[in-house]
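Shown here: upload26.cif, mmCIF, N, CA and C atoms.
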```cif
data_input
#
loop_
_atom_site.label_atom_id
_atom_site.label_comp_id
_atom_site.auth_asym_id
_atom_site.auth_seq_id
_atom_site.Cartn_x
_atom_site.Cartn_y
_atom_site.Cartn_z
N MET H 1 -16.22 -215.60 7.37
CA MET H 1 -16.82 -215.42 6.07
C MET H 1 -16.09 -216.21 5.00
N LYS H 2 -14.76 -216.30 5.11
CA LYS H 2 -14.00 -217.02 4.10
C LYS H 2 -14.41 -218.50 4.06
N LEU H 3 -14.63 -219.08 5.22
CA LEU H 3 -15.05 -220.48 5.28
C LEU H 3 -16.42 -220.66 4.64
N LEU H 4 -17.33 -219.75 4.91
CA LEU H 4 -18.66 -219.82 4.31
C LEU H 4 -18.58 -219.69 2.79
N ASP H 5 -17.78 -218.77 2.30
CA ASP H 5 -17.60 -218.60 0.86
C ASP H 5 -17.02 -219.85 0.23
N LEU H 6 -16.02 -220.43 0.86
CA LEU H 6 -15.40 -221.65 0.35
C LEU H 6 -16.40 -222.79 0.31
N THR H 7 -17.15 -222.95 1.38
CA THR H 7 -18.16 -224.01 1.45
C THR H 7 -19.22 -223.82 0.37
N ASN H 8 -19.70 -222.61 0.20
CA ASN H 8 -20.70 -222.34 -0.84
C ASN H 8 -20.15 -222.64 -2.23
N GLN H 9 -18.93 -222.25 -2.49
CA GLN H 9 -18.31 -222.50 -3.79
C GLN H 9 -18.20 -224.00 -4.05
N GLN H 10 -17.79 -224.76 -3.05
CA GLN H 10 -17.70 -226.21 -3.20
C GLN H 10 -19.08 -226.83 -3.43
N ASP H 11 -20.09 -226.34 -2.72
CA ASP H 11 -21.45 -226.84 -2.91
C ASP H 11 -21.95 -226.56 -4.33
N PHE H 12 -21.67 -225.36 -4.84
CA PHE H 12 -22.09 -225.02 -6.20
C PHE H 12 -21.43 -225.93 -7.22
N GLN H 13 -20.14 -226.17 -7.04
CA GLN H 13 -19.41 -227.03 -7.98
C GLN H 13 -19.95 -228.47 -7.93
N ALA H 14 -20.23 -228.97 -6.74
CA ALA H 14 -20.78 -230.33 -6.61
C ALA H 14 -22.15 -230.41 -7.26
N SER H 15 -22.96 -229.39 -7.06
CA SER H 15 -24.30 -229.36 -7.65
C SER H 15 -24.23 -229.34 -9.17
N GLU H 16 -23.31 -228.56 -9.72
CA GLU H 16 -23.15 -228.50 -11.18
C GLU H 16 -22.75 -229.86 -11.74
N ARG H 17 -21.86 -230.57 -11.05
CA ARG H 17 -21.45 -231.90 -11.53
C ARG H 17 -22.62 -232.88 -11.46
N CYS H 18 -23.44 -232.79 -10.44
CA CYS H 18 -24.62 -233.67 -10.34
C CYS H 18 -25.60 -233.39 -11.46
N GLN H 19 -25.79 -232.13 -11.79
CA GLN H 19 -26.71 -231.78 -12.88
C GLN H 19 -26.22 -232.34 -14.21
N LEU H 20 -24.92 -232.29 -14.45
CA LEU H 20 -24.38 -232.84 -15.68
C LEU H 20 -24.63 -234.34 -15.75
N GLY H 21 -24.45 -235.03 -14.64
CA GLY H 21 -24.70 -236.47 -14.61
C GLY H 21 -26.16 -236.81 -14.80
N ALA H 22 -27.05 -235.97 -14.30
CA ALA H 22 -28.48 -236.23 -14.40
C ALA H 22 -28.98 -236.05 -15.83
N ARG H 23 -28.23 -235.35 -16.67
CA ARG H 23 -28.62 -235.16 -18.06
C ARG H 23 -28.27 -236.37 -18.93
N SER H 24 -27.49 -237.28 -18.40
CA SER H 24 -27.09 -238.45 -19.16
C SER H 24 -28.30 -239.33 -19.47
N LYS H 25 -28.32 -239.93 -20.65
CA LYS H 25 -29.43 -240.81 -21.00
C LYS H 25 -29.39 -242.09 -20.18
N HIS H 26 -28.27 -242.34 -19.50
CA HIS H 26 -28.13 -243.53 -18.68
C HIS H 26 -28.53 -243.30 -17.22
N PHE H 27 -28.86 -242.07 -16.89
CA PHE H 27 -29.23 -241.73 -15.52
C PHE H 27 -30.63 -242.26 -15.20
N THR H 28 -30.74 -242.96 -14.11
CA THR H 28 -32.04 -243.44 -13.63
C THR H 28 -32.18 -243.00 -12.18
N PRO H 29 -33.14 -242.12 -11.91
CA PRO H 29 -33.31 -241.67 -10.53
C PRO H 29 -33.81 -242.79 -9.63
N VAL H 30 -33.43 -242.73 -8.38
CA VAL H 30 -33.86 -243.70 -7.38
C VAL H 30 -34.63 -242.94 -6.31
N TYR H 31 -35.86 -243.35 -6.09
CA TYR H 31 -36.70 -242.69 -5.09
C TYR H 31 -37.00 -243.65 -3.95
N PRO H 32 -36.88 -243.18 -2.71
CA PRO H 32 -37.30 -244.02 -1.59
C PRO H 32 -38.82 -244.19 -1.63
N PRO H 33 -39.34 -245.23 -1.01
CA PRO H 33 -40.78 -245.49 -1.06
C PRO H 33 -41.65 -244.30 -0.62
N ARG H 34 -41.17 -243.52 0.30
CA ARG H 34 -41.98 -242.38 0.78
C ARG H 34 -42.13 -241.30 -0.27
N GLU H 35 -41.33 -241.34 -1.33
CA GLU H 35 -41.40 -240.33 -2.38
C GLU H 35 -42.06 -240.88 -3.64
N HIS H 36 -43.02 -241.78 -3.47
CA HIS H 36 -43.69 -242.39 -4.62
C HIS H 36 -44.43 -241.36 -5.48
N VAL H 37 -44.91 -240.29 -4.88
CA VAL H 37 -45.61 -239.26 -5.65
C VAL H 37 -44.63 -238.55 -6.58
N ILE H 38 -43.42 -238.28 -6.08
CA ILE H 38 -42.41 -237.65 -6.91
C ILE H 38 -42.01 -238.59 -8.05
N ALA H 39 -41.87 -239.87 -7.75
CA ALA H 39 -41.54 -240.85 -8.79
C ALA H 39 -42.63 -240.89 -9.85
N TYR H 40 -43.89 -240.87 -9.42
CA TYR H 40 -45.00 -240.87 -10.37
C TYR H 40 -44.95 -239.60 -11.24
N PHE H 41 -44.71 -238.46 -10.65
CA PHE H 41 -44.64 -237.21 -11.41
C PHE H 41 -43.50 -237.25 -12.43
N HIS H 42 -42.34 -237.75 -12.01
CA HIS H 42 -41.20 -237.86 -12.91
C HIS H 42 -41.55 -238.75 -14.10
N HIS H 43 -42.19 -239.87 -13.84
CA HIS H 43 -42.62 -240.78 -14.91
C HIS H 43 -43.61 -240.08 -15.84
N TRP H 44 -44.54 -239.35 -15.27
CA TRP H 44 -45.55 -238.63 -16.06
C TRP H 44 -44.88 -237.60 -16.99
N VAL H 45 -43.91 -236.86 -16.46
CA VAL H 45 -43.20 -235.86 -17.27
C VAL H 45 -42.43 -236.55 -18.39
N ASP H 46 -41.74 -237.65 -18.07
CA ASP H 46 -41.00 -238.37 -19.09
C ASP H 46 -41.92 -238.83 -20.22
N GLN H 47 -43.09 -239.35 -19.87
CA GLN H 47 -44.03 -239.82 -20.87
C GLN H 47 -44.55 -238.65 -21.72
N ALA H 48 -44.84 -237.54 -21.09
CA ALA H 48 -45.33 -236.37 -21.80
C ALA H 48 -44.28 -235.84 -22.78
N LEU H 49 -43.03 -235.82 -22.35
CA LEU H 49 -41.96 -235.34 -23.22
C LEU H 49 -41.71 -236.32 -24.38
N ALA H 50 -41.82 -237.60 -24.12
CA ALA H 50 -41.64 -238.59 -25.18
C ALA H 50 -42.75 -238.46 -26.22
N THR H 51 -43.97 -238.22 -25.77
CA THR H 51 -45.08 -238.03 -26.69
C THR H 51 -44.88 -236.76 -27.50
N GLN H 52 -44.39 -235.73 -26.86
CA GLN H 52 -44.14 -234.44 -27.54
C GLN H 52 -43.06 -234.61 -28.60
N ASP H 53 -42.04 -235.39 -28.33
CA ASP H 53 -40.95 -235.60 -29.29
C ASP H 53 -41.43 -236.35 -30.52
N GLU H 54 -42.44 -237.20 -30.35
CA GLU H 54 -42.96 -237.98 -31.47
C GLU H 54 -43.79 -237.12 -32.43
N SER H 55 -44.30 -236.01 -31.94
CA SER H 55 -45.15 -235.13 -32.77
C SER H 55 -44.36 -234.33 -33.76
#
```
Turn the structure described in the file into structure tokens.
Amino acid sequence: MKLLDLTNQQDFQASERCQLGARSKHFTPVYPPREHVIAYFHHWVDQALATQDES
């Protein structure tokens, strides 16, 4: 159990650091070709939020 707890704690910390980096205005996600639908959705959300900010 101790190993599982340690592993989970390390995973949580790594995930938190990734989230902080993803909030940067310089972050650009990279999608493999098979995830083109996700890339399209991400672009759509970005455009919608940009339009909302202009209002």
* atom C of Met1 of chain H and atom N of Glu16 of chain H, how far apart in Å? -> 20.5 Å
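Computed from the coordinates, the atom CA of Tyr31 of chain H to atom N of His43 of chain H distance equals 10.7 Å.
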* Every residue of chain H that DSSP places in helix (DSSP H, G or I), as a VMD selection string -> chain H and resid 2 to 22 33 to 54
Draw an axis-aligned box over all listed atoms of segment 13-21 of chain H, pad each side with 6 Å, and write its centre and edge lengths in Å, one decimal, as AutoDock Vina command-line options.
```
--center_x -23.1 --center_y -231.5 --center_z -11.2 --size_x 19.3 --size_y 22.6 --size_z 21.1
```
* Rounded to one decimal in Å, what is the spacing between atom C of Leu4 of chain H and atom CA of Gly21 of chain H? -> 24.9 Å
